[in-house]
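Report on one structure; see the data block that follows.
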Amino acid sequence: MNLSQNFTLQELIYSDTANAYKINNTPSEPVINNLKSLCENVLQPLRNALGCPIVITSGFRCAVLNKKVGGQPNSQHLMGQAADLVVPQKNLKDVFNYIKSHLNYDQLLYEYSKTDKWIHGSFRNDGHNRKQAIDNYKV
C-alpha cells in the first residue's frame with residue numbers, strides 16, 4: 001500500500017526486531033492515516049527536495065515493539081506520527097537543517113548514539129505541530 005509517491009506502508013512498519021521476536025506490528029486504520037499524513041507532509045516533500053532515497057530506520061511501533069527497542073512510553077512512533085531516517089547520499093546535518101527551515105513538522109531531533117546518527121521527524125495531522133527542533137539529542 002502506497003502512503004505517498006515514494007513511501008509504502010511496509011517500509012513504515014518494517015522492523016528487524018519485530019521479525020526476530022515475532023512481534024505483530026500491524027497498525028490500525030487511524031495509525032495508517034497518521035503515517036500517510038507524515039509521508040505527505042514531511043517525508044515525501046523531503047524526498048522531492050533532496051532528489052534521492054530516504055531510508056526509514058524506524059516508523060510505526062506497536063507497544064510491544066516500542067518497549068522491546070527501548071522507546072519512550074509516550075513515543076509518537078506508537079501513533080504512527082514519527083519516523084527515524086537516514087539519507088546515505090547526503091550530509092545528515094544538512095538534511096536536518098533543510099527540514100527545520102522548509103517543512104512543517106511537530107518534532108525534529110538530530111539523534112545520535114555511540115555508533116550511529118539519524119533524524120527523528122514527526123507530524124501531527126490535528127494541526128498542533130510544535131516545530132520543536134533539537135539538533136544534538138543523545139540517546
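As shown in the C-alpha cells, the chain order sets the letters A, B, ...; within each chain, residues go from 1, and ligands are also counted from 1 in the order they appear.
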
### Task
Could you give me, as a ChimeraX atom specification, each residue of chain A that DSSP assigns to alpha helix (DSSP H) when run on this structure's backbone?
/A:9-13,16-20,29-38,44-50,63-68,92-102

### Task
Could you pull out the residues in chain A that DSSP calls strand (DSSP E) from the backbone, as a PyMOL selection string?
chain A and resi 55-58+82-86+107-112+117-122+132-138

With C-alpha atoms kept, could you save the residues just selected as a CSV table (one decimal), in the first residue's frame?
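Output below, filename out-v6.csv:
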```csv
chain,number,residue,atom,x,y,z
A,55,VAL,CA,15.9,5.2,4.4
A,56,ILE,CA,13.4,4.7,7.2
A,57,THR,CA,15.1,3.0,10.1
A,58,SER,CA,12.1,3.1,12.4
A,82,ALA,CA,7.0,9.7,13.7
A,83,ALA,CA,9.8,8.1,11.7
A,84,ASP,CA,13.5,7.8,12.1
A,85,LEU,CA,15.5,8.3,8.9
A,86,VAL,CA,18.9,8.5,7.3
A,107,GLN,CA,9.3,17.4,16.5
A,108,LEU,CA,12.6,17.2,14.7
A,109,LEU,CA,15.6,15.6,16.5
A,110,TYR,CA,19.1,15.1,15.3
A,111,GLU,CA,19.8,12.0,17.3
A,112,TYR,CA,23.0,10.1,17.9
A,117,LYS,CA,23.2,9.0,14.0
A,118,TRP,CA,19.7,9.6,12.5
A,119,ILE,CA,16.9,12.1,12.3
A,120,HIS,CA,13.6,11.7,14.1
A,121,GLY,CA,10.8,13.6,12.5
A,122,SER,CA,7.2,13.7,13.5
A,132,GLN,CA,10.3,21.7,18.2
A,133,ALA,CA,13.8,21.1,16.8
A,134,ILE,CA,16.8,19.8,18.8
A,135,ASP,CA,20.0,19.3,16.9
A,136,ASN,CA,22.1,17.5,19.4
A,137,TYR,CA,19.9,14.8,21.1
A,138,LYS,CA,22.0,12.0,22.6
```

### Message
List as a PyMOL selection string the protein and nucleic acid residues near Gly80 of chain A, meaning an atom at most 9 Å away when only C-alpha atoms are counted, but skip any in the same chain fewer than 4 places from it.
### Response
chain A and resi 12-13+27+30-36+38+59-61+76+122

Selected residues written out, C-alpha atoms, as an mmCIF file, in the first residue's frame:
```
data_model
loop_
_atom_site.group_PDB
_atom_site.id
_atom_site.type_symbol
_atom_site.label_atom_id
_atom_site.label_comp_id
_atom_site.auth_asym_id
_atom_site.auth_seq_id
_atom_site.Cartn_x
_atom_site.Cartn_y
_atom_site.Cartn_z
ATOM 1 C CA LEU A 12 6.995 2.456 7.629
ATOM 2 C CA ILE A 13 6.083 -0.613 9.723
ATOM 3 C CA PRO A 27 -1.142 -0.759 12.575
ATOM 4 C CA PRO A 30 -6.104 5.606 12.473
ATOM 5 C CA VAL A 31 -2.367 4.844 12.691
ATOM 6 C CA ILE A 32 -2.211 4.266 8.929
ATOM 7 C CA ASN A 33 -3.877 7.662 8.445
ATOM 8 C CA ASN A 34 -1.225 9.257 10.675
ATOM 9 C CA LEU A 35 1.549 7.533 8.702
ATOM 10 C CA LYS A 36 0.001 8.822 5.480
ATOM 11 C CA LEU A 38 3.616 12.002 7.960
ATOM 12 C CA GLY A 59 8.480 4.081 11.738
ATOM 13 C CA PHE A 60 5.372 2.789 13.474
ATOM 14 C CA ARG A 61 5.985 0.673 16.573
ATOM 15 C CA GLN A 76 4.928 9.325 18.645
ATOM 16 C CA SER A 122 7.173 13.706 13.487
#
```

#### Entry: Interatomic distance, atom CA of Asp106 of chain A to atom CA of Met1 of chain A (Å, one decimal)
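Answer for the atom CA of Asp106 of chain A to atom CA of Met1 of chain A separation: 24.7 Å.
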
### Query
atom CA of Tyr105 of chain A and atom CA of Lys131 of chain A, how far apart in Å?
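Rounded to one decimal, the two atoms are 5.5 Å apart.
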
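Counting only C-alpha atoms and comparing A:Asn129, A:Gln5, A:Ser15, A:Asn24, the residue that lies closest to Val64 of chain A is A:Asn24.
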
### Query
atom CA of Thr8 of chain A and atom CA of Cys52 of chain A, how far apart in Å?
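Atom CA of Thr8 of chain A lies 15.9 Å from atom CA of Cys52 of chain A.
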
### Message
At a cut-off of 12 Å, using only C-alpha atoms, what residues contact Arg47 of chain A? Leave out same-chain residues fewer than 2 positions from it and give the result as number ranges by chain.
### Response
A: 4-7, 39-45, 49-56, 85-87, 89-90, 95, 98-99, 103

### Query
Nearest to Ser37 of chain A: which of A:Leu65, A:Leu92, A:Ala18, A:Leu9 is it, counting only C-alpha atoms?
A:Leu9
